[in-house]
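Heads up, final11.json below (JSON, C-alpha atoms):
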[["chain", "number", "residue", "atom", "x", "y", "z"],
["D", 5, "MET", "CA", 2.90, 175.38, 148.74],
["D", 6, "SER", "CA", 6.62, 175.22, 148.10],
["D", 7, "SER", "CA", 7.18, 171.58, 148.96],
["D", 8, "THR", "CA", 5.26, 168.36, 149.46],
["D", 9, "PRO", "CA", 4.36, 167.69, 153.10],
["D", 10, "VAL", "CA", 6.22, 164.91, 154.90],
["D", 11, "ARG", "CA", 3.99, 161.82, 154.95],
["D", 12, "VAL", "CA", 3.37, 160.63, 158.51],
["D", 13, "ALA", "CA", 2.00, 157.32, 159.77],
["D", 14, "VAL", "CA", 0.70, 157.23, 163.33],
["D", 15, "LEU", "CA", 0.68, 153.92, 165.24],
["D", 16, "ALA", "CA", -1.64, 153.86, 168.25],
["D", 17, "SER", "CA", -3.07, 151.26, 170.60],
["D", 18, "GLY", "CA", -5.60, 153.30, 172.54],
["D", 19, "SER", "CA", -7.81, 156.37, 172.55],
["D", 20, "GLY", "CA", -5.71, 158.44, 170.18],
["D", 21, "SER", "CA", -5.67, 161.71, 172.11],
["D", 22, "ASN", "CA", -2.11, 162.39, 170.94],
["D", 23, "LEU", "CA", -3.20, 161.58, 167.40],
["D", 24, "GLU", "CA", -5.97, 164.14, 167.75],
["D", 25, "SER", "CA", -3.52, 166.79, 168.96],
["D", 26, "ILE", "CA", -1.25, 166.08, 165.98],
["D", 27, "LEU", "CA", -4.12, 166.28, 163.51],
["D", 28, "ASP", "CA", -5.45, 169.50, 165.04],
["D", 29, "TYR", "CA", -1.99, 171.09, 165.05],
["D", 30, "PHE", "CA", -1.20, 170.42, 161.39],
["D", 31, "GLU", "CA", -4.74, 171.17, 160.24],
["D", 32, "ALA", "CA", -4.48, 174.61, 161.86],
["D", 33, "LEU", "CA", -1.41, 175.34, 159.72],
["D", 34, "GLY", "CA", -3.48, 174.88, 156.56],
["D", 35, "ALA", "CA", -1.64, 174.81, 153.26],
["D", 36, "ASP", "CA", 1.65, 175.69, 154.97],
["D", 37, "ARG", "CA", 1.75, 172.52, 157.04],
["D", 38, "PRO", "CA", 5.08, 170.68, 156.61],
["D", 39, "ALA", "CA", 3.56, 167.26, 157.41],
["D", 40, "GLU", "CA", 0.31, 165.37, 157.03],
["D", 41, "VAL", "CA", -0.95, 162.13, 158.52],
["D", 42, "VAL", "CA", -1.56, 159.67, 155.67],
["D", 43, "LEU", "CA", -2.13, 156.51, 157.74],
["D", 44, "VAL", "CA", -3.26, 155.49, 161.22],
["D", 45, "ALA", "CA", -2.60, 151.88, 162.20],
["D", 46, "SER", "CA", -3.29, 149.95, 165.38],
["D", 47, "ASP", "CA", -2.75, 146.52, 166.86],
["D", 48, "ARG", "CA", -6.27, 146.72, 168.33],
["D", 49, "ALA", "CA", -9.44, 146.71, 166.25],
["D", 50, "ASP", "CA", -11.30, 148.59, 169.01],
["D", 51, "ALA", "CA", -8.71, 151.38, 169.38],
["D", 52, "ARG", "CA", -10.52, 154.72, 169.40],
["D", 53, "ALA", "CA", -7.58, 156.15, 167.44],
["D", 54, "LEU", "CA", -8.85, 154.28, 164.37],
["D", 55, "GLU", "CA", -12.28, 155.84, 164.72],
["D", 56, "ARG", "CA", -10.76, 159.31, 165.13],
["D", 57, "ALA", "CA", -8.85, 158.77, 161.88],
["D", 58, "ARG", "CA", -11.89, 157.47, 159.99],
["D", 59, "LEU", "CA", -13.91, 160.51, 161.03],
["D", 60, "ARG", "CA", -11.28, 162.67, 159.33],
["D", 61, "GLY", "CA", -11.06, 160.52, 156.22],
["D", 62, "ILE", "CA", -7.58, 159.22, 157.00],
["D", 63, "PRO", "CA", -6.81, 155.64, 155.86],
["D", 64, "THR", "CA", -6.59, 153.09, 158.69],
["D", 65, "GLU", "CA", -5.10, 149.63, 159.03],
["D", 66, "LEU", "CA", -5.29, 146.89, 161.65],
["D", 67, "LEU", "CA", -1.89, 145.36, 162.42],
["D", 68, "GLU", "CA", -2.93, 141.75, 162.97],
["D", 69, "ARG", "CA", 0.66, 140.63, 163.55],
["D", 70, "PRO", "CA", 2.51, 143.59, 165.09],
["D", 71, "SER", "CA", 5.74, 141.57, 165.32],
["D", 72, "ASP", "CA", 5.77, 140.99, 161.54],
["D", 73, "GLY", "CA", 8.34, 143.53, 160.38],
["D", 74, "ASP", "CA", 7.93, 142.63, 156.71],
["D", 75, "ALA", "CA", 4.19, 143.33, 156.83],
["D", 76, "LEU", "CA", 4.63, 146.63, 158.66],
["D", 77, "GLY", "CA", 7.42, 147.70, 156.32],
["D", 78, "ALA", "CA", 5.30, 146.85, 153.28],
["D", 79, "LEU", "CA", 2.40, 148.87, 154.68],
["D", 80, "LEU", "CA", 4.64, 151.90, 155.23],
["D", 81, "ASP", "CA", 6.00, 151.51, 151.70],
["D", 82, "VAL", "CA", 2.53, 151.34, 150.12],
["D", 83, "ARG", "CA", 1.56, 154.60, 151.84],
["D", 84, "ARG", "CA", 4.96, 156.17, 150.98],
["D", 85, "VAL", "CA", 5.53, 157.03, 154.62],
["D", 86, "ASP", "CA", 8.44, 159.32, 155.50],
["D", 87, "LEU", "CA", 7.99, 159.54, 159.27],
["D", 88, "VAL", "CA", 6.38, 157.18, 161.80],
["D", 89, "ALA", "CA", 4.95, 158.57, 165.04],
["D", 90, "LEU", "CA", 4.07, 156.20, 167.87],
["D", 91, "ALA", "CA", 1.21, 157.63, 169.92],
["D", 92, "GLY", "CA", 0.32, 155.31, 172.77],
["D", 93, "TYR", "CA", 1.45, 152.33, 170.73],
["D", 94, "LEU", "CA", 2.21, 149.50, 173.17],
["D", 95, "LYS", "CA", 3.92, 146.99, 170.89],
["D", 96, "LEU", "CA", 7.64, 146.79, 170.23],
["D", 97, "VAL", "CA", 8.36, 147.90, 166.66],
["D", 98, "PRO", "CA", 10.23, 145.08, 164.87],
["D", 99, "ALA", "CA", 13.98, 145.59, 164.60],
["D", 100, "SER", "CA", 13.90, 145.31, 160.81],
["D", 101, "VAL", "CA", 11.61, 148.35, 160.74],
["D", 102, "THR", "CA", 13.53, 150.42, 163.30],
["D", 103, "ARG", "CA", 16.76, 149.79, 161.43],
["D", 104, "ARG", "CA", 15.33, 150.65, 158.02],
["D", 105, "TRP", "CA", 13.57, 153.79, 159.26],
["D", 106, "HIS", "CA", 16.41, 154.85, 161.57],
["D", 107, "GLY", "CA", 15.88, 158.47, 162.50],
["D", 108, "ALA", "CA", 12.35, 158.42, 161.11],
["D", 109, "ILE", "CA", 10.41, 156.69, 163.91],
["D", 110, "VAL", "CA", 9.58, 158.65, 167.06],
["D", 111, "ASN", "CA", 7.63, 158.06, 170.23],
["D", 112, "VAL", "CA", 6.21, 160.18, 173.04],
["D", 113, "HIS", "CA", 6.68, 158.83, 176.57],
["D", 114, "PRO", "CA", 4.89, 160.14, 179.70],
["D", 115, "ALA", "CA", 8.00, 160.69, 181.85],
["D", 116, "LEU", "CA", 11.40, 162.32, 181.70],
["D", 117, "LEU", "CA", 13.50, 159.62, 180.08],
["D", 118, "PRO", "CA", 15.88, 157.93, 180.63],
["D", 119, "ARG", "CA", 14.11, 157.43, 183.99],
["D", 120, "PHE", "CA", 10.78, 155.59, 184.24],
["D", 121, "GLY", "CA", 10.95, 153.91, 180.84],
["D", 122, "GLY", "CA", 11.35, 150.41, 179.49],
["D", 123, "ALA", "CA", 9.20, 147.35, 178.96],
["D", 124, "GLY", "CA", 5.95, 147.50, 180.92],
["D", 125, "MET", "CA", 6.34, 151.19, 181.76],
["D", 126, "TYR", "CA", 3.31, 152.80, 180.18],
["D", 127, "GLY", "CA", 0.19, 154.62, 181.22],
["D", 128, "ARG", "CA", -0.70, 154.79, 184.88],
["D", 129, "ARG", "CA", 2.25, 152.58, 185.87],
["D", 130, "VAL", "CA", 4.69, 155.31, 184.88],
["D", 131, "HIS", "CA", 2.99, 157.98, 186.98],
["D", 132, "ALA", "CA", 2.64, 155.67, 189.97],
["D", 133, "ALA", "CA", 6.37, 154.93, 189.77],
["D", 134, "VAL", "CA", 7.23, 158.64, 189.59],
["D", 135, "LEU", "CA", 5.15, 159.31, 192.70],
["D", 136, "ALA", "CA", 6.57, 156.29, 194.55],
["D", 137, "ALA", "CA", 10.09, 157.58, 193.87],
["D", 138, "GLY", "CA", 9.25, 160.94, 195.45],
["D", 139, "GLU", "CA", 10.07, 162.92, 192.32],
["D", 140, "ARG", "CA", 9.37, 166.65, 192.30],
["D", 141, "GLU", "CA", 8.85, 166.83, 188.56],
["D", 142, "SER", "CA", 7.83, 164.67, 185.67],
["D", 143, "GLY", "CA", 6.99, 165.44, 182.08],
["D", 144, "ALA", "CA", 6.88, 164.23, 178.52],
["D", 145, "THR", "CA", 9.72, 163.01, 176.30],
["D", 146, "VAL", "CA", 9.82, 162.65, 172.53],
["D", 147, "HIS", "CA", 12.56, 160.29, 171.40],
["D", 148, "PHE", "CA", 13.73, 158.33, 168.38],
["D", 149, "VAL", "CA", 12.72, 154.66, 168.43],
["D", 150, "ASP", "CA", 15.29, 151.89, 168.28],
["D", 151, "GLU", "CA", 15.21, 148.18, 169.11],
["D", 152, "ASP", "CA", 14.63, 148.67, 172.85],
["D", 153, "TYR", "CA", 11.67, 150.25, 174.63],
["D", 154, "ASP", "CA", 12.30, 153.92, 175.45],
["D", 155, "ARG", "CA", 16.07, 153.79, 174.87],
["D", 156, "GLY", "CA", 16.33, 155.84, 171.67],
["D", 157, "GLU", "CA", 17.95, 159.25, 171.46],
["D", 158, "ILE", "CA", 15.95, 162.00, 173.18],
["D", 159, "ILE", "CA", 14.72, 164.79, 170.89],
["D", 160, "ALA", "CA", 12.70, 167.04, 173.21],
["D", 161, "GLN", "CA", 11.21, 167.17, 176.70],
["D", 162, "GLU", "CA", 8.66, 169.27, 178.55],
["D", 163, "ARG", "CA", 8.76, 169.27, 182.34],
["D", 164, "VAL", "CA", 5.77, 169.50, 184.64],
["D", 165, "PRO", "CA", 5.74, 169.78, 188.43],
["D", 166, "VAL", "CA", 4.60, 167.00, 190.72],
["D", 167, "GLU", "CA", 2.13, 168.75, 193.01],
["D", 168, "PRO", "CA", 1.51, 167.92, 196.69],
["D", 169, "GLY", "CA", -1.32, 165.42, 196.94],
["D", 170, "ASP", "CA", -0.95, 164.25, 193.34],
["D", 171, "THR", "CA", -2.35, 160.86, 192.42],
["D", 172, "ALA", "CA", -1.27, 158.83, 189.43],
["D", 173, "ASP", "CA", -4.39, 160.09, 187.65],
["D", 174, "SER", "CA", -3.90, 163.79, 188.40],
["D", 175, "LEU", "CA", -0.24, 163.61, 187.40],
["D", 176, "ALA", "CA", -1.21, 161.69, 184.25],
["D", 177, "ALA", "CA", -3.59, 164.48, 183.22],
["D", 178, "ARG", "CA", -0.89, 167.14, 183.62],
["D", 179, "VAL", "CA", 1.68, 165.09, 181.70],
["D", 180, "LEU", "CA", -0.81, 164.31, 178.92],
["D", 181, "ALA", "CA", -1.43, 168.02, 178.42],
["D", 182, "ALA", "CA", 2.35, 168.45, 178.04],
["D", 183, "GLU", "CA", 2.44, 165.60, 175.49],
["D", 184, "HIS", "CA", -0.28, 167.29, 173.47],
["D", 185, "ARG", "CA", 1.81, 170.48, 173.32],
["D", 186, "LEU", "CA", 5.22, 168.89, 172.81],
["D", 187, "TYR", "CA", 4.57, 166.10, 170.31],
["D", 188, "PRO", "CA", 3.07, 168.10, 167.41],
["D", 189, "ARG", "CA", 5.74, 170.81, 167.75],
["D", 190, "THR", "CA", 8.48, 168.19, 167.71],
["D", 191, "LEU", "CA", 7.00, 166.49, 164.64],
["D", 192, "HIS", "CA", 6.91, 169.92, 163.00],
["D", 193, "SER", "CA", 10.65, 170.33, 163.67],
["D", 194, "LEU", "CA", 11.37, 166.86, 162.33],
["D", 195, "ALA", "CA", 9.36, 167.52, 159.18],
["D", 196, "LEU", "CA", 11.38, 170.67, 158.58],
["D", 197, "GLY", "CA", 14.65, 168.80, 159.14],
["D", 198, "LEU", "CA", 15.46, 170.85, 162.24],
["D", 199, "ALA", "CA", 15.86, 167.73, 164.42],
["D", 200, "ARG", "CA", 17.76, 164.64, 163.29],
["D", 201, "ALA", "CA", 19.09, 161.43, 164.76],
["D", 202, "THR", "CA", 22.85, 161.35, 165.28]]
Before anything else, please render the file you have as structure tokens.
Amino acid sequence: MSSTPVRVAVLASGSGSNLESILDYFEALGADRPAEVVLVASDRADARALERARLRGIPTELLERPSDGDALGALLDVRRVDLVALAGYLKLVPASVTRRWHGAIVNVHPALLPRFGGAGMYGRRVHAAVLAAGERESGATVHFVDEDYDRGEIIAQERVPVEPGDTADSLAARVLAAEHRLYPRTLHSLALGLARAT
């Protein structure tokens, strides 16, 4: 391999389905992969994402104080992390970390930002809000992370239709499938230096 893969940390609070899609994507690239996940951390000891990582032999950490920027920064330093991917991570990343890793922390959000984002807008709530607003489409957004929820610069989006008769759950399933396609490809571009924060 011509260069060392970009070292990625994934922060997750829940099941880790986006983590799984990222791991599957880069594993399929074999020795040519431009990135590899070297750490999975969570604010919840029971997060299934941690178990998914352990099954693949990836180091895991429990973030006992998610608001402690010094502790999170030290953890990223120890693992020599180049890029941080939030995958269903529900805590606000401390400002000291977002400033230091400017342009190197990304998140996937289950709507077409800048609409339907912000504090408290996650999971089923997002899809219910999209339906209540009468939107004809939704989708997934990958964006850089800054000091505010879902306000960072947008990197990529994938749109999906809102179908007649959709429920929050049926729309969520369609958007999640889009996330699973979009997020690994976007991380690939970031690892290659093809996408950068302005």
Test item: residues at most 12 Å from segment 93-95 of chain D, all atoms listed in the file, excluding those fewer than 2 positions along its chain, as a compact mmCIF listing (two decimals) with C-alpha atoms, in the frame of the given file:
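Output saved as selection_38.txt:
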# COMPACT_ATOMS: atom_id res chain seq x y z
CA VAL D 14 0.70 157.23 163.33
CA LEU D 15 0.68 153.92 165.24
CA ALA D 16 -1.64 153.86 168.25
CA SER D 17 -3.07 151.26 170.60
CA GLY D 18 -5.60 153.30 172.54
CA SER D 19 -7.81 156.37 172.55
CA GLY D 20 -5.71 158.44 170.18
CA SER D 21 -5.67 161.71 172.11
CA ASN D 22 -2.11 162.39 170.94
CA LEU D 23 -3.20 161.58 167.40
CA VAL D 44 -3.26 155.49 161.22
CA ALA D 45 -2.60 151.88 162.20
CA SER D 46 -3.29 149.95 165.38
CA ASP D 47 -2.75 146.52 166.86
CA ARG D 48 -6.27 146.72 168.33
CA ALA D 51 -8.71 151.38 169.38
CA ALA D 53 -7.58 156.15 167.44
CA LEU D 67 -1.89 145.36 162.42
CA GLU D 68 -2.93 141.75 162.97
CA ARG D 69 0.66 140.63 163.55
CA PRO D 70 2.51 143.59 165.09
CA SER D 71 5.74 141.57 165.32
CA ASP D 72 5.77 140.99 161.54
CA GLY D 73 8.34 143.53 160.38
CA VAL D 88 6.38 157.18 161.80
CA ALA D 89 4.95 158.57 165.04
CA LEU D 90 4.07 156.20 167.87
CA ALA D 91 1.21 157.63 169.92
CA VAL D 97 8.36 147.90 166.66
CA PRO D 98 10.23 145.08 164.87
CA ALA D 99 13.98 145.59 164.60
CA VAL D 110 9.58 158.65 167.06
CA ASN D 111 7.63 158.06 170.23
CA VAL D 112 6.21 160.18 173.04
CA HIS D 113 6.68 158.83 176.57
CA GLY D 122 11.35 150.41 179.49
CA ALA D 123 9.20 147.35 178.96
CA GLY D 124 5.95 147.50 180.92
CA MET D 125 6.34 151.19 181.76
CA TYR D 126 3.31 152.80 180.18
CA GLY D 127 0.19 154.62 181.22
CA VAL D 149 12.72 154.66 168.43
CA GLU D 151 15.21 148.18 169.11
CA ASP D 152 14.63 148.67 172.85
CA TYR D 153 11.67 150.25 174.63
CA ASP D 154 12.30 153.92 175.45
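Atom pair atom CA of Arg84 of chain D / atom CA of Arg52 of chain D: separated by 24.1 Å.
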Which neighbours of Arg189 of chain D fall inside 10 Å, counting only C-alpha atoms, when residues of the same chain fewer than 3 positions from it are skipped, and could you give them as number ranges by chain? D: 26, 29-30, 160, 183-186, 192-195
Arg129 of chain D proximity check over D:Thr190, D:Thr171, D:Ser7, D:Thr202, using only C-alpha atoms: winner is D:Thr171
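At a cut-off of 7 Å from (-1.5, 156.3, 152.0), the residue set is Val42, Leu43, Pro63, Val82, Arg83 and Arg84 of chain D (counting only C-alpha atoms).
Of the residues under consideration (D:Leu117, D:Val12, D:Ala75, D:Leu59), D:Val12 shows the shortest atom-to-atom contact distance to Leu87 of chain D when counting all atoms listed in the file.
Around the point (4.5, 170.6, 185.0), within 9 Å and counting all atoms listed in the file, we find these residues: Glu141, Ser142, Gly143, Glu162, Arg163, Val164, Pro165, Val166, Glu167, Leu175, Arg178, Val179 and Ala182 of chain D.
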Go ahead and write the selection's residues with C-alpha atoms as a PDB file, in the coordinates of the input.
ATOM      1  CA  GLU D 141       8.850 166.830 188.560  1.00  0.00           C
ATOM      2  CA  SER D 142       7.830 164.670 185.670  1.00  0.00           C
ATOM      3  CA  GLY D 143       6.990 165.440 182.080  1.00  0.00           C
ATOM      4  CA  GLU D 162       8.660 169.270 178.550  1.00  0.00           C
ATOM      5  CA  ARG D 163       8.760 169.270 182.340  1.00  0.00           C
ATOM      6  CA  VAL D 164       5.770 169.500 184.640  1.00  0.00           C
ATOM      7  CA  PRO D 165       5.740 169.780 188.430  1.00  0.00           C
ATOM      8  CA  VAL D 166       4.600 167.000 190.720  1.00  0.00           C
ATOM      9  CA  GLU D 167       2.130 168.750 193.010  1.00  0.00           C
ATOM     10  CA  LEU D 175      -0.240 163.610 187.400  1.00  0.00           C
ATOM     11  CA  ARG D 178      -0.890 167.140 183.620  1.00  0.00           C
ATOM     12  CA  VAL D 179       1.680 165.090 181.700  1.00  0.00           C
ATOM     13  CA  ALA D 182       2.350 168.450 178.040  1.00  0.00           C
TER      14      ALA D 182
END
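When atom CA of Ala115 of chain D is paired with atom CA of Pro188 of chain D, their separation reads 17.0 Å.
Distances to Thr64 of chain D were evaluated for D:Ala137, D:Val41, D:Ile159, D:Leu27 using only C-alpha atoms, and the minimum falls at D:Val41.
Between atom CA of Gly77 of chain D and atom CA of Trp105 of chain D the interatomic distance comes to 9.1 Å.
Summary of the local environment: counting all atoms listed in the file, residues at most 12 Å from Ala136 of chain D, other than itself and those fewer than 4 positions away along its chain, are Phe120, Arg129, Val130, His131, Ala132, Arg140, Val166, Asp170, Thr171 and Ala172 of chain D.
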Of the listed residues D:Leu80, D:Arg58, D:Ala144, D:Val101, that which approaches Ala13 of chain D most closely, counting all atoms listed in the file: D:Leu80
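In terms of minimum interatomic distance to Asp173 of chain D, D:Val134 ranks closest within D:Ile62, D:Ala78, D:Ala108, D:Val134, counting only C-alpha atoms.
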Test item: axis-aligned box, all listed atoms of segment 125-132 of chain D, 3 Å on each side, centre and edges in Å rounded to one decimal, as JSON:
{"center_x": 2.8, "center_y": 154.6, "center_z": 185.1, "size_x": 13.0, "size_y": 12.8, "size_z": 15.8}
Mind writing segment 13-26 of chain D to a file for me, with N, CA, C and O atoms, as a PDB file, in the first residue's frame?
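And here's result-v8.pdb as it stands now:
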ATOM      1  N   ALA D  13     -11.782   7.516  14.302  1.00  0.00           N
ATOM      2  CA  ALA D  13     -12.517   7.161  15.519  1.00  0.00           C
ATOM      3  C   ALA D  13     -13.995   7.364  15.246  1.00  0.00           C
ATOM      4  O   ALA D  13     -14.392   8.383  14.658  1.00  0.00           O
ATOM      5  N   VAL D  14     -14.812   6.407  15.640  1.00  0.00           N
ATOM      6  CA  VAL D  14     -16.258   6.521  15.498  1.00  0.00           C
ATOM      7  C   VAL D  14     -16.860   6.685  16.890  1.00  0.00           C
ATOM      8  O   VAL D  14     -16.593   5.881  17.786  1.00  0.00           O
ATOM      9  N   LEU D  15     -17.669   7.740  17.067  1.00  0.00           N
ATOM     10  CA  LEU D  15     -18.411   7.950  18.313  1.00  0.00           C
ATOM     11  C   LEU D  15     -19.867   7.614  18.053  1.00  0.00           C
ATOM     12  O   LEU D  15     -20.461   8.118  17.094  1.00  0.00           O
ATOM     13  N   ALA D  16     -20.434   6.754  18.891  1.00  0.00           N
ATOM     14  CA  ALA D  16     -21.805   6.289  18.683  1.00  0.00           C
ATOM     15  C   ALA D  16     -22.507   6.147  20.021  1.00  0.00           C
ATOM     16  O   ALA D  16     -21.880   5.825  21.034  1.00  0.00           O
ATOM     17  N   SER D  17     -23.823   6.379  20.012  1.00  0.00           N
ATOM     18  CA  SER D  17     -24.607   6.227  21.240  1.00  0.00           C
ATOM     19  C   SER D  17     -25.558   5.037  21.182  1.00  0.00           C
ATOM     20  O   SER D  17     -26.126   4.658  22.203  1.00  0.00           O
ATOM     21  N   GLY D  18     -25.765   4.476  19.998  1.00  0.00           N
ATOM     22  CA  GLY D  18     -26.811   3.466  19.875  1.00  0.00           C
ATOM     23  C   GLY D  18     -26.372   2.172  19.244  1.00  0.00           C
ATOM     24  O   GLY D  18     -25.325   1.607  19.583  1.00  0.00           O
ATOM     25  N   SER D  19     -27.167   1.711  18.269  1.00  0.00           N
ATOM     26  CA  SER D  19     -26.989   0.357  17.733  1.00  0.00           C
ATOM     27  C   SER D  19     -25.737   0.208  16.880  1.00  0.00           C
ATOM     28  O   SER D  19     -25.199  -0.886  16.750  1.00  0.00           O
ATOM     29  N   GLY D  20     -25.301   1.293  16.265  1.00  0.00           N
ATOM     30  CA  GLY D  20     -24.083   1.214  15.470  1.00  0.00           C
ATOM     31  C   GLY D  20     -24.281   0.699  14.060  1.00  0.00           C
ATOM     32  O   GLY D  20     -23.350   0.173  13.455  1.00  0.00           O
ATOM     33  N   SER D  21     -25.478   0.887  13.489  1.00  0.00           N
ATOM     34  CA  SER D  21     -25.676   0.399  12.119  1.00  0.00           C
ATOM     35  C   SER D  21     -24.840   1.198  11.123  1.00  0.00           C
ATOM     36  O   SER D  21     -24.329   0.644  10.138  1.00  0.00           O
ATOM     37  N   ASN D  22     -24.673   2.501  11.360  1.00  0.00           N
ATOM     38  CA  ASN D  22     -23.792   3.278  10.484  1.00  0.00           C
ATOM     39  C   ASN D  22     -22.335   2.849  10.666  1.00  0.00           C
ATOM     40  O   ASN D  22     -21.577   2.790   9.697  1.00  0.00           O
ATOM     41  N   LEU D  23     -21.947   2.551  11.885  1.00  0.00           N
ATOM     42  CA  LEU D  23     -20.606   2.012  12.128  1.00  0.00           C
ATOM     43  C   LEU D  23     -20.396   0.751  11.308  1.00  0.00           C
ATOM     44  O   LEU D  23     -19.365   0.584  10.642  1.00  0.00           O
ATOM     45  N   GLU D  24     -21.370  -0.139  11.338  1.00  0.00           N
ATOM     46  CA  GLU D  24     -21.267  -1.393  10.591  1.00  0.00           C
ATOM     47  C   GLU D  24     -21.100  -1.134   9.095  1.00  0.00           C
ATOM     48  O   GLU D  24     -20.293  -1.789   8.422  1.00  0.00           O
ATOM     49  N   SER D  25     -21.853  -0.167   8.571  1.00  0.00           N
ATOM     50  CA  SER D  25     -21.744   0.131   7.140  1.00  0.00           C
ATOM     51  C   SER D  25     -20.366   0.685   6.799  1.00  0.00           C
ATOM     52  O   SER D  25     -19.799   0.372   5.744  1.00  0.00           O
ATOM     53  N   ILE D  26     -19.805   1.491   7.699  1.00  0.00           N
ATOM     54  CA  ILE D  26     -18.456   2.034   7.495  1.00  0.00           C
ATOM     55  C   ILE D  26     -17.421   0.907   7.517  1.00  0.00           C
ATOM     56  O   ILE D  26     -16.550   0.821   6.644  1.00  0.00           O
TER      57      ILE D  26
END
